[in-house]
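Data from final.cif: mmCIF, C-alpha atoms
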data_start
loop_
_atom_site.label_atom_id
_atom_site.label_comp_id
_atom_site.auth_asym_id
_atom_site.auth_seq_id
_atom_site.Cartn_x
_atom_site.Cartn_y
_atom_site.Cartn_z
CA MET H 2 -7.08 -20.52 -38.02
CA GLN H 3 -3.82 -21.00 -36.11
CA PHE H 4 -0.61 -19.00 -35.92
CA LYS H 5 1.61 -21.27 -33.94
CA ASP H 6 4.82 -19.47 -34.87
CA THR H 7 3.54 -16.10 -33.70
CA ALA H 8 3.17 -14.64 -30.22
CA LEU H 9 0.42 -12.26 -29.22
CA ILE H 10 1.35 -9.55 -26.72
CA LEU H 11 -1.30 -7.45 -24.99
CA ALA H 12 0.55 -4.28 -24.06
CA GLY H 13 -1.08 -2.27 -21.27
CA HIS H 14 -0.03 0.57 -18.98
CA GLY H 15 -0.53 -1.06 -15.57
CA SER H 16 -0.25 0.63 -12.21
CA THR H 17 1.88 0.36 -9.09
CA LYS H 18 -1.06 1.52 -6.97
CA ASN H 19 -4.30 0.23 -8.47
CA ALA H 20 -4.74 -3.55 -8.35
CA GLU H 21 -7.54 -3.52 -10.92
CA SER H 22 -5.58 -1.69 -13.60
CA SER H 23 -4.07 -4.73 -15.29
CA ARG H 24 -6.60 -7.37 -14.29
CA SER H 25 -8.70 -7.40 -17.46
CA THR H 26 -5.59 -7.42 -19.65
CA ARG H 27 -4.12 -10.43 -17.87
CA ILE H 28 -7.43 -12.33 -17.82
CA THR H 29 -8.00 -11.67 -21.52
CA ALA H 30 -4.49 -12.97 -22.28
CA HIS H 31 -5.26 -16.22 -20.43
CA ARG H 32 -8.54 -16.65 -22.28
CA ILE H 33 -6.99 -16.11 -25.71
CA ARG H 34 -4.12 -18.48 -24.86
CA GLU H 35 -6.63 -21.21 -23.98
CA ARG H 36 -8.04 -21.00 -27.50
CA GLY H 37 -4.72 -22.10 -28.98
CA ILE H 38 -4.76 -19.68 -31.92
CA PHE H 39 -1.33 -18.18 -31.23
CA GLY H 40 1.87 -19.96 -30.30
CA GLU H 41 2.23 -17.84 -27.17
CA VAL H 42 0.19 -15.15 -25.48
CA ARG H 43 1.52 -12.64 -22.97
CA ALA H 44 0.34 -9.52 -21.18
CA ALA H 45 3.02 -6.85 -20.66
CA PHE H 46 3.06 -3.46 -18.96
CA TRP H 47 4.84 -0.14 -18.60
CA LYS H 48 4.33 0.03 -14.83
CA GLU H 49 4.05 -3.65 -13.85
CA GLN H 50 5.77 -6.93 -14.48
CA PRO H 51 6.52 -8.18 -17.02
CA SER H 52 7.92 -5.13 -18.74
CA TYR H 53 7.54 -5.01 -22.50
CA THR H 54 11.15 -6.11 -22.94
CA ASP H 55 10.95 -8.93 -20.40
CA ALA H 56 7.78 -10.26 -22.00
CA LEU H 57 9.51 -10.62 -25.34
CA ARG H 58 12.66 -12.18 -24.00
CA GLY H 59 11.15 -15.47 -22.92
CA LEU H 60 9.31 -16.13 -26.16
CA LYS H 61 10.02 -19.10 -28.38
CA SER H 62 8.33 -17.32 -31.31
CA GLU H 63 10.35 -15.12 -33.66
CA LYS H 64 7.30 -13.07 -34.62
CA ALA H 65 4.98 -11.14 -32.35
CA VAL H 66 1.84 -9.12 -32.86
CA VAL H 67 1.52 -6.44 -30.20
CA VAL H 68 -1.99 -5.18 -29.44
CA PRO H 69 -1.94 -1.98 -27.33
CA TRP H 70 -4.43 -2.10 -24.44
CA PHE H 71 -5.11 1.62 -24.84
CA LEU H 72 -8.13 3.56 -26.05
CA ALA H 73 -6.49 5.96 -28.47
CA ASN H 74 -3.30 6.60 -30.34
CA GLY H 75 -1.03 8.89 -28.37
CA TYR H 76 2.33 9.11 -26.63
CA PHE H 77 2.35 5.52 -25.44
CA THR H 78 1.16 3.82 -28.59
CA ARG H 79 3.10 6.00 -31.04
CA GLN H 80 6.36 6.45 -29.13
CA VAL H 81 6.80 4.14 -26.16
CA LEU H 82 5.41 0.92 -27.64
CA THR H 83 7.04 1.45 -31.00
CA ARG H 84 10.40 2.02 -29.34
CA GLU H 85 10.14 -0.78 -26.77
CA PHE H 86 9.02 -3.45 -29.21
CA ALA H 87 11.67 -2.57 -31.76
CA LYS H 88 14.62 -3.24 -29.51
CA THR H 89 14.66 -6.99 -28.89
CA PRO H 90 16.94 -8.65 -31.40
CA GLY H 91 15.66 -11.81 -33.06
CA ILE H 92 11.97 -11.00 -32.72
CA SER H 93 10.02 -9.23 -35.41
CA CYS H 94 7.16 -7.23 -33.86
CA ARG H 95 4.19 -5.52 -35.40
CA VAL H 96 2.27 -3.07 -33.21
CA THR H 97 -1.40 -2.82 -34.17
CA ASP H 98 -3.83 0.01 -33.56
CA PRO H 99 -4.93 0.20 -29.92
CA ILE H 100 -8.05 -1.70 -28.90
CA GLY H 101 -9.97 1.58 -28.55
CA MET H 102 -9.56 2.35 -32.24
CA SER H 103 -11.40 -0.78 -33.32
CA PRO H 104 -14.70 -0.23 -35.10
CA GLU H 105 -16.32 -2.60 -32.59
CA ILE H 106 -15.98 -0.01 -29.81
CA LEU H 107 -18.85 2.01 -31.29
CA GLY H 108 -21.02 -1.10 -31.07
CA HIS H 109 -20.00 -1.65 -27.45
CA LEU H 110 -21.05 1.90 -26.59
CA LYS H 111 -24.35 1.47 -28.41
CA ILE H 112 -25.07 -1.69 -26.43
CA ARG H 113 -24.50 0.18 -23.17
CA ALA H 114 -26.78 3.02 -24.23
CA ALA H 115 -29.46 0.58 -25.37
CA ARG H 116 -29.35 -1.28 -22.04
CA LEU H 117 -29.81 1.97 -20.13
CA LEU H 118 -32.66 3.17 -22.34
CA GLU H 119 -34.38 -0.20 -22.17
CA GLU H 120 -34.41 0.01 -18.39
CA LYS H 121 -36.44 3.23 -18.57
CA LYS H 122 -38.36 2.35 -21.75
CA TRP H 123 -37.08 5.60 -23.26
CA SER H 124 -36.11 6.31 -26.85
CA PRO H 125 -32.88 8.16 -27.80
CA SER H 126 -34.90 11.28 -28.63
CA GLU H 127 -35.88 11.59 -24.96
CA VAL H 128 -32.33 11.82 -23.61
CA SER H 129 -28.96 13.50 -24.21
CA LEU H 130 -25.83 11.42 -24.56
CA LEU H 131 -22.31 12.24 -23.45
CA VAL H 132 -19.13 10.31 -24.15
CA ALA H 133 -16.87 11.02 -21.18
CA SER H 134 -13.20 10.76 -22.12
CA HIS H 135 -9.76 11.86 -20.95
CA GLY H 136 -8.48 14.33 -23.50
CA THR H 137 -5.12 15.99 -23.13
CA PRO H 138 -3.69 19.17 -24.60
CA LEU H 139 -0.48 17.20 -25.24
CA HIS H 140 -1.94 14.97 -27.93
CA ARG H 141 -5.13 15.17 -29.92
CA GLY H 142 -5.60 11.39 -30.25
CA SER H 143 -7.74 10.92 -27.15
CA ARG H 144 -10.03 13.85 -27.96
CA ALA H 145 -10.37 12.85 -31.59
CA ALA H 146 -11.36 9.27 -30.77
CA ALA H 147 -14.09 10.29 -28.31
CA SER H 148 -15.42 13.10 -30.50
CA GLU H 149 -15.69 10.78 -33.46
CA LEU H 150 -17.62 8.24 -31.40
CA ALA H 151 -20.01 10.94 -30.18
CA GLU H 152 -20.60 12.12 -33.75
CA LYS H 153 -21.46 8.59 -34.85
CA LEU H 154 -23.74 8.03 -31.86
CA ALA H 155 -25.58 11.27 -32.75
CA HIS H 156 -26.98 9.46 -35.80
CA ASP H 157 -29.10 7.36 -33.43
CA GLY H 158 -31.32 10.36 -32.72
CA TYR H 159 -30.33 11.61 -29.27
CA GLN H 160 -31.34 15.15 -28.29
CA THR H 161 -27.65 15.88 -28.29
CA ALA H 162 -24.55 13.68 -28.41
CA ARG H 163 -21.25 15.20 -27.39
CA ALA H 164 -17.87 14.27 -25.99
CA VAL H 165 -16.77 15.76 -22.65
CA PHE H 166 -13.32 15.53 -21.08
CA LEU H 167 -11.26 15.38 -17.92
CA GLU H 168 -8.47 17.64 -19.17
CA GLU H 169 -9.98 19.57 -22.07
CA GLU H 170 -13.05 21.65 -22.85
CA PRO H 171 -15.88 20.93 -22.62
CA ARG H 172 -15.24 19.49 -19.15
CA ILE H 173 -17.09 16.54 -17.67
CA SER H 174 -17.91 18.73 -14.66
CA ASP H 175 -19.85 21.05 -17.02
CA TRP H 176 -22.10 18.24 -18.17
CA ARG H 177 -25.30 20.13 -17.36
CA LYS H 178 -24.37 23.01 -19.65
CA VAL H 179 -23.48 20.60 -22.44
CA ALA H 180 -26.44 18.26 -22.09
CA GLY H 181 -29.17 20.70 -21.16
CA THR H 182 -32.17 19.66 -19.12
CA GLY H 183 -33.64 16.18 -19.00
CA PRO H 184 -32.11 12.77 -18.49
CA VAL H 185 -28.57 12.09 -19.68
CA VAL H 186 -26.81 8.91 -20.70
CA VAL H 187 -23.08 9.12 -19.95
CA LEU H 188 -20.82 6.53 -21.57
CA PRO H 189 -17.33 6.39 -20.08
CA HIS H 190 -14.62 6.24 -22.72
CA PHE H 191 -12.26 4.68 -20.20
CA LEU H 192 -10.92 1.18 -19.70
CA SER H 193 -12.23 -0.98 -16.90
CA GLY H 194 -10.05 -1.16 -13.83
CA GLY H 195 -8.86 2.42 -14.00
CA LEU H 196 -9.67 5.06 -11.44
CA HIS H 197 -10.96 7.58 -14.01
CA GLY H 198 -13.95 5.43 -14.97
CA SER H 199 -14.67 4.11 -11.49
CA GLU H 200 -14.05 7.20 -9.36
CA ASP H 201 -13.15 10.42 -11.18
CA VAL H 202 -15.96 10.58 -13.73
CA PRO H 203 -18.76 9.58 -11.32
CA GLY H 204 -17.38 12.18 -8.90
CA LEU H 205 -17.45 14.93 -11.53
CA LEU H 206 -20.97 13.96 -12.52
CA GLY H 207 -22.08 14.01 -8.91
CA ILE H 208 -23.40 10.45 -8.83
CA GLY H 209 -22.92 8.02 -6.00
CA GLY H 210 -21.70 4.95 -7.86
CA SER H 211 -19.87 3.64 -10.89
CA GLU H 212 -21.91 0.53 -11.67
CA GLU H 213 -23.95 0.68 -14.84
CA GLY H 214 -27.40 2.06 -14.07
CA TRP H 215 -29.47 5.15 -13.41
CA TYR H 216 -28.63 7.66 -10.70
CA LYS H 217 -30.75 10.53 -9.39
CA PHE H 218 -29.15 13.96 -9.67
CA GLU H 219 -31.20 16.91 -8.38
CA ASP H 220 -34.21 17.16 -10.71
CA THR H 221 -32.92 14.75 -13.34
CA GLU H 222 -31.38 11.32 -13.85
CA ILE H 223 -28.02 10.16 -15.16
CA GLY H 224 -27.60 6.78 -16.79
CA TYR H 225 -23.97 5.77 -16.33
CA GLY H 226 -22.64 3.07 -18.65
CA GLN H 227 -20.15 0.29 -18.02
CA THR H 228 -16.50 1.10 -18.70
CA LEU H 229 -14.85 -0.45 -21.76
CA GLY H 230 -12.41 -3.34 -21.88
CA SER H 231 -14.08 -6.27 -20.17
CA PRO H 232 -12.45 -9.57 -21.13
CA ASP H 233 -15.75 -10.80 -22.60
CA GLU H 234 -15.82 -7.91 -25.06
CA MET H 235 -12.11 -7.69 -25.78
CA GLU H 236 -11.34 -11.30 -26.57
CA GLU H 237 -12.74 -11.39 -30.11
CA LEU H 238 -11.82 -7.80 -30.84
CA ILE H 239 -8.16 -8.45 -30.04
CA ILE H 240 -8.02 -11.61 -32.09
CA ASP H 241 -9.47 -9.68 -35.04
CA LEU H 242 -6.95 -6.85 -34.59
CA ALA H 243 -4.08 -9.30 -34.46
CA LEU H 244 -5.22 -11.26 -37.48
CA ARG H 245 -5.68 -8.07 -39.51
CA ALA H 246 -2.12 -7.09 -38.59
CA TRP H 247 -1.03 -10.49 -39.76
CA ASP H 248 -2.54 -9.89 -43.18
CA VAL H 249 -1.35 -6.31 -43.50
CA ALA H 250 2.20 -7.06 -42.45
CA GLY H 251 2.44 -10.25 -44.44
CA LEU H 252 3.65 -11.96 -41.30
CA SER H 253 2.48 -15.30 -42.62
CA LYS H 254 5.10 -15.23 -45.37
CA MET Z 10 13.23 -19.89 -7.94
CA GLY Z 11 12.54 -16.95 -5.65
CA GLU Z 12 9.98 -18.09 -3.10
CA ILE Z 13 8.64 -21.07 -5.06
CA VAL Z 14 9.61 -24.69 -5.52
CA TRP Z 15 8.24 -27.33 -7.84
CA GLU Z 16 8.22 -31.07 -8.45
CA GLU Z 17 7.58 -32.91 -11.70
CA ARG Z 18 6.27 -36.43 -12.10
CA ASP Z 19 4.95 -37.91 -15.35
CA GLU Z 20 4.73 -34.48 -16.99
CA ILE Z 21 2.66 -33.09 -14.14
CA TRP Z 22 4.21 -30.27 -12.13
CA ASN Z 23 3.14 -29.07 -8.73
CA ILE Z 24 4.30 -25.60 -7.81
CA ARG Z 25 4.07 -24.20 -4.31
CA HIS Z 26 5.54 -21.65 -1.91
CA ILE Z 27 8.88 -22.70 -0.44
CA GLN Z 28 7.36 -22.40 3.05
CA ASP Z 29 4.87 -25.11 2.08
CA THR Z 30 7.57 -27.66 1.24
CA GLY Z 31 6.63 -31.03 2.70
CA ILE Z 32 2.98 -30.17 3.34
CA PRO Z 33 0.63 -32.75 1.78
CA PRO Z 34 -1.10 -31.20 -1.28
CA LEU Z 35 -4.52 -31.94 0.18
CA GLU Z 36 -3.76 -29.52 2.99
CA LEU Z 37 -3.08 -26.70 0.53
CA ARG Z 38 -5.49 -24.72 -1.60
CA LYS Z 39 -5.60 -26.49 -4.96
CA LEU Z 40 -5.21 -24.25 -8.04
CA GLU Z 41 -5.51 -25.53 -11.60
CA LYS Z 42 -6.42 -22.47 -13.67
CA LEU Z 43 -4.00 -19.66 -14.45
CA GLU Z 44 -6.75 -17.17 -13.66
CA GLU Z 45 -6.95 -18.59 -10.11
CA LEU Z 46 -3.18 -18.37 -9.73
CA GLU Z 47 -3.29 -14.79 -11.05
CA GLU Z 48 -5.69 -13.87 -8.23
CA VAL Z 49 -3.48 -15.48 -5.58
CA VAL Z 50 -0.26 -13.72 -6.60
CA ARG Z 51 -1.95 -10.32 -6.88
CA TRP Z 52 -2.23 -9.88 -3.10
CA ASP Z 53 0.07 -10.25 -0.11
CA SER Z 54 -0.87 -11.97 3.15
CA GLN Z 55 -2.42 -8.71 4.42
CA GLY Z 56 -4.62 -8.38 1.32
CA ARG Z 57 -2.52 -5.57 -0.12
CA TYR Z 58 -1.88 -5.24 -3.85
CA ARG Z 59 1.47 -6.64 -5.05
CA PRO Z 60 2.55 -4.57 -8.07
CA LEU Z 61 6.01 -6.11 -7.71
CA ARG Z 62 5.61 -9.81 -8.37
CA SER Z 63 9.27 -10.42 -7.67
CA GLY Z 64 8.83 -8.92 -4.20
CA GLY Z 65 9.54 -11.24 -1.29
CA ASN Z 66 5.92 -11.26 -0.16
CA LEU Z 67 4.35 -14.09 -2.12
CA VAL Z 68 1.53 -15.59 -0.12
CA SER Z 69 1.79 -19.28 0.87
CA GLY Z 70 -0.82 -22.00 1.35
CA TRP Z 71 -1.55 -23.03 -2.25
CA VAL Z 72 -0.43 -25.59 -4.79
CA PHE Z 73 -0.72 -25.15 -8.55
CA TRP Z 74 -1.01 -28.28 -10.69
CA ALA Z 75 0.31 -27.89 -14.23
CA ARG Z 76 -0.26 -30.61 -16.79
CA GLY Z 77 2.50 -30.37 -19.38
CA GLU Z 78 5.59 -28.24 -19.64
CA SER Z 79 3.92 -25.37 -21.46
CA LYS Z 80 1.33 -24.97 -18.69
CA PHE Z 81 4.17 -25.10 -16.16
CA ARG Z 82 5.98 -22.30 -17.96
CA GLU Z 83 2.82 -20.23 -18.16
CA ALA Z 84 2.34 -20.64 -14.42
CA ILE Z 85 5.88 -19.41 -13.80
CA GLU Z 86 5.09 -16.42 -16.06
CA VAL Z 87 2.14 -15.59 -13.80
CA ILE Z 88 4.17 -15.87 -10.58
CA TYR Z 89 7.42 -14.30 -11.81
CA PRO Z 90 6.62 -12.63 -15.16
CA GLY Z 91 9.48 -12.43 -17.62
CA LEU Z 92 12.12 -13.87 -15.31
CA TRP Z 93 12.46 -17.35 -16.80
CA GLY Z 94 13.24 -15.77 -20.17
CA ASN Z 95 15.79 -13.46 -18.59
CA ALA Z 96 17.54 -16.40 -16.94
CA GLU Z 97 17.65 -18.33 -20.22
CA ALA Z 98 19.03 -15.31 -22.07
CA TRP Z 99 21.67 -14.78 -19.38
CA ARG Z 100 22.81 -18.41 -19.57
CA LYS Z 101 23.20 -18.02 -23.32
CA GLY Z 102 25.11 -14.76 -22.85
CA LYS Z 103 22.36 -12.86 -24.67
CA LEU Z 104 20.82 -10.86 -21.85
CA LYS Z 105 20.62 -7.20 -22.74
CA VAL Z 106 20.68 -4.72 -19.89
CA ASP Z 107 19.29 -1.18 -19.96
CA PRO Z 108 21.94 1.26 -18.67
CA TRP Z 109 20.65 3.85 -16.20
CA GLU Z 110 21.13 6.76 -18.60
CA THR Z 111 19.12 5.05 -21.36
CA ALA Z 112 16.32 4.07 -19.01
CA LEU Z 113 16.10 7.59 -17.59
CA ALA Z 114 16.02 9.16 -21.05
CA GLN Z 115 13.01 7.01 -21.91
CA GLN Z 116 10.92 8.22 -19.01
CA THR Z 117 8.42 11.05 -19.34
CA GLU Z 118 9.55 14.61 -18.75
CA ARG Z 119 7.63 14.66 -15.44
CA VAL Z 120 9.55 11.65 -14.09
CA GLN Z 121 12.87 13.02 -15.35
CA LYS Z 122 12.28 16.32 -13.52
CA LYS Z 123 11.48 14.59 -10.24
CA THR Z 124 14.40 12.24 -10.64
CA GLY Z 125 16.74 15.17 -11.19
CA LEU Z 126 16.14 16.28 -7.59
CA ALA Z 127 17.33 13.00 -6.03
CA ALA Z 128 20.96 12.50 -5.08
CA ASP Z 129 23.34 9.62 -5.87
CA LEU Z 130 21.09 7.90 -8.36
CA PRO Z 131 20.60 5.16 -9.16
CA LYS Z 132 22.56 3.66 -6.23
CA SER Z 133 20.51 5.36 -3.53
CA ALA Z 134 17.23 4.11 -5.00
CA ILE Z 135 18.58 0.60 -5.52
CA ARG Z 136 19.52 0.56 -1.83
CA SER Z 137 16.31 2.07 -0.50
CA ASN Z 138 13.86 0.47 -2.92
CA CYS Z 139 15.09 -2.59 -4.80
CA LYS Z 140 17.15 -4.21 -2.05
CA GLN Z 141 14.37 -3.67 0.48
CA ARG Z 142 11.56 -5.29 -1.42
CA CYS Z 143 12.67 -7.22 -4.50
CA LEU Z 144 14.29 -10.64 -4.87
CA LYS Z 145 15.96 -9.89 -8.19
CA THR Z 146 19.67 -9.38 -8.75
CA VAL Z 147 20.09 -5.83 -10.03
CA ILE Z 148 22.50 -6.53 -12.83
CA TRP Z 149 21.86 -3.13 -14.45
CA GLY Z 150 23.12 -1.66 -11.17
CA GLY Z 151 26.32 -3.73 -11.22
CA GLU Z 152 25.32 -6.80 -9.17
CA LYS Z 153 26.61 -10.17 -10.32
CA PRO Z 154 24.17 -13.07 -10.66
CA GLU Z 155 24.92 -16.44 -9.10
CA GLU Z 156 23.97 -19.79 -10.61
CA LYS Z 157 22.70 -22.17 -7.95
CA GLU Z 158 22.17 -25.83 -8.75
CA GLY Z 159 18.55 -26.47 -9.70
CA GLY Z 160 17.68 -22.81 -9.30
CA VAL Z 161 16.63 -20.14 -11.74
CA PRO Z 162 18.32 -16.77 -11.15
CA MET Z 163 15.98 -13.79 -10.94
CA LEU Z 164 17.58 -11.02 -12.91
CA CYS Z 165 16.63 -7.37 -13.18
CA THR Z 166 17.60 -5.82 -16.51
CA GLY Z 167 16.46 -2.26 -15.94
CA PRO Z 168 14.55 0.08 -13.62
CA CYS Z 169 10.91 -1.05 -13.31
CA GLY Z 170 7.65 0.79 -12.65
CA VAL Z 171 7.99 0.32 -8.90
CA PHE Z 172 11.51 1.77 -9.02
CA TRP Z 173 10.27 4.92 -10.79
CA ALA Z 174 7.26 5.16 -8.49
CA SER Z 175 9.58 5.10 -5.48
CA LEU Z 176 11.39 8.15 -6.87
CA GLU Z 177 8.16 9.97 -7.56
CA GLY Z 178 7.13 9.57 -3.94
#
As structure tokens, what does this structure read like?
Amino acid sequence: MQFKDTALILAGHGSTKNAESSRSTRITAHRIRERGIFGEVRAAFWKEQPSYTDALRGLKSEKAVVVPWFLANGYFTRQVLTREFAKTPGISCRVTDPIGMSPEILGHLKIRAARLLEEKKWSPSEVSLLVASHGTPLHRGSRAAASELAEKLAHDGYQTARAVFLEEEPRISDWRKVAGTGPVVVLPHFLSGGLHGSEDVPGLLGIGGSEEGWYKFEDTEIGYGQTLGSPDEMEELIIDLALRAWDVAGLSK
Amino acid sequence: MGEIVWEERDEIWNIRHIQDTGIPPLELRKLEKLEELEEVVRWDSQGRYRPLRSGGNLVSGWVFWARGESKFREAIEVIYPGLWGNAEAWRKGKLKVDPWETALAQQTERVQKKTGLAADLPKSAIRSNCKQRCLKTVIWGGEKPEEKEGGVPMLCTGPCGVFWASLEG
């Protein structure tokens, strides 16, 4: 399937301090471009170049599907992206749900948990599971997305499956109270390249690394999963999101 | 354009740093994939992150080979994202500029509060930030672009992430 008259924009946040923040977004854009499905493919950012507006301006296409490189609906996806992608005359844009709202994300978390359990030859009933997310009192989107994922993961038979947060209760730092005794699998609900998943969450858990694997903590063990958003996992997911937007919006007409 | 130059022969472009003009391609690091180019432009010569791709600190010592015009344009997008499109829009008289007041109103409350403490904005920040590190012409701040033969003007249409970060300290 080809959409040569449509551009695909991957809209991320970016960072002026962290070099890894936009890397996966840019690499994924290159990979999707190579496949020749869309007429043009761009990555664009709030904090880096190109800005959302600049990314649109150089396009030959008059239609663009914008896929937010965010985990949940919130201030950026609902207000900033909607506003920014509505203001370039001559280009009709449709902003999809963020990548984190795709149903595939649950599968990606399950794969991480399964890898960790396989390493120890444990079953879900022998461990607790925590989805570690951001959360913010300013918008319920982040909390809702992580809580919903934890509820769905609970069906796999873990001793307990809960979401814990950086900025809301229950806090990641209180993981022992939430998870109880015994080994814990912690799945970061953060995008790769960000400091929360690579530094903040491991720090709050008290583990000495952020690579996927098992870490000793006092009398127990913590299995820390890989962050979300690797180009390998996002490529197909983004194409699906964009193509669904195409159908819903009737962009092909 | 900025710190790069290019040559085209038989639909094959070679792009390199202006400091590497005249150096035989075999003496430069050969890049053919956009992902490789992306890695090169991400760092300065000291290995520091370059969030501002239009900063005057593009590393030299490489040559990117682009087969076909579309690959050439994509390479320019990696080196100077968004700026080719801005130049085209400006030449057509269609370049839209974000006025300071509009751009400020679209920032988060936290940024607006911090910005409110700074004096003589945006001129002071253009002087201390943009003109110290960026190659773009700040047309939203009143600068006039110049068309040079064979060149592509680098035009700034509104305050960027690095601009706001400089105000946040």
Chain H residues near chain Z (9 Å cut-off, only C-alpha atoms) as an MDAnalysis selection string: chainID H and resid 15:20 24 27:28 31:32 43 45:52 54:60 81 89
Residue among H:Ile173, H:Leu11, H:Leu130, H:Met102 lying closest to Glu149 of chain H, counting only C-alpha atoms: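 Of the candidates, the smallest distance to Glu149 of chain H is held by H:Met102.
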Any chance you could work out the axis-aligned box around segment 123-133 of chain Z, listed atoms only, 8 Å on each side, giving centre and edge lengths in Å to one decimal, as lines of an AutoDock Vina configuration file?
center_x = 17.4
center_y = 10.0
center_z = -7.4
size_x = 27.9
size_y = 28.6
size_z = 23.7
Answer key for the PyMOL selection byres ((chain Z and resi 22-37) around 6), residues as a ChimeraX atom specification: /Z:12-17,21,38,69-75
Taking 2 positions as the minimum chain separation for residues in the same chain, which residues sit within 12 Å of Gln227 of chain H when counting all atoms listed in the file? Answer as a tab-separated table (two decimals) with C-alpha atoms, keeping the file's coordinate frame.
chain	number	residue	atom	x	y	z
H	109	HIS	CA	-20.00	-1.65	-27.45
H	110	LEU	CA	-21.05	1.90	-26.59
H	111	LYS	CA	-24.35	1.47	-28.41
H	112	ILE	CA	-25.07	-1.69	-26.43
H	113	ARG	CA	-24.50	0.18	-23.17
H	114	ALA	CA	-26.78	3.02	-24.23
H	115	ALA	CA	-29.46	0.58	-25.37
H	116	ARG	CA	-29.35	-1.28	-22.04
H	117	LEU	CA	-29.81	1.97	-20.13
H	132	VAL	CA	-19.13	10.31	-24.15
H	133	ALA	CA	-16.87	11.02	-21.18
H	186	VAL	CA	-26.81	8.91	-20.70
H	187	VAL	CA	-23.08	9.12	-19.95
H	188	LEU	CA	-20.82	6.53	-21.57
H	189	PRO	CA	-17.33	6.39	-20.08
H	190	HIS	CA	-14.62	6.24	-22.72
H	191	PHE	CA	-12.26	4.68	-20.20
H	192	LEU	CA	-10.92	1.18	-19.70
H	193	SER	CA	-12.23	-0.98	-16.90
H	194	GLY	CA	-10.05	-1.16	-13.83
H	198	GLY	CA	-13.95	5.43	-14.97
H	199	SER	CA	-14.67	4.11	-11.49
H	202	VAL	CA	-15.96	10.58	-13.73
H	203	PRO	CA	-18.76	9.58	-11.32
H	210	GLY	CA	-21.70	4.95	-7.86
H	211	SER	CA	-19.87	3.64	-10.89
H	212	GLU	CA	-21.91	0.53	-11.67
H	213	GLU	CA	-23.95	0.68	-14.84
H	214	GLY	CA	-27.40	2.06	-14.07
H	215	TRP	CA	-29.47	5.15	-13.41
H	224	GLY	CA	-27.60	6.78	-16.79
H	225	TYR	CA	-23.97	5.77	-16.33
H	229	LEU	CA	-14.85	-0.45	-21.76
H	230	GLY	CA	-12.41	-3.34	-21.88
H	231	SER	CA	-14.08	-6.27	-20.17
H	234	GLU	CA	-15.82	-7.91	-25.06
Picked residues, the PyMOL selection byres ((chain Z and resi 141-149) around 7), expected as a PyMOL selection string: chain Z and resi 11+63-65+106-108+137-140+150-154+163-167
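In this structure, atom CA of His197 of chain H sits 8.2 Å away from atom CA of His135 of chain H.
You will find atom CA of Lys39 of chain Z at 23.0 Å from atom CA of Ser25 of chain H.
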Residues matched by the PyMOL selection byres ((chain H and resi 82-84) around 9), written as number ranges by chain: H: 12, 53, 67, 69, 76-81, 85-88, 95-96
Atomic separation - atom CA of Thr29 of chain H relative to atom CA of Val42 of chain H, Å: 9.7 Å
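Considering the residues H:Arg177, H:Ile239, H:Asp248, H:Gln160 and counting all atoms listed in the file, Ile10 of chain H has its shortest atom-to-atom contact with H:Ile239.
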Pick from H:Met235, H:Ile223, H:Val128, H:Leu139, whichever lies nearest to Ala155 of chain H using all atoms listed in the file: H:Val128
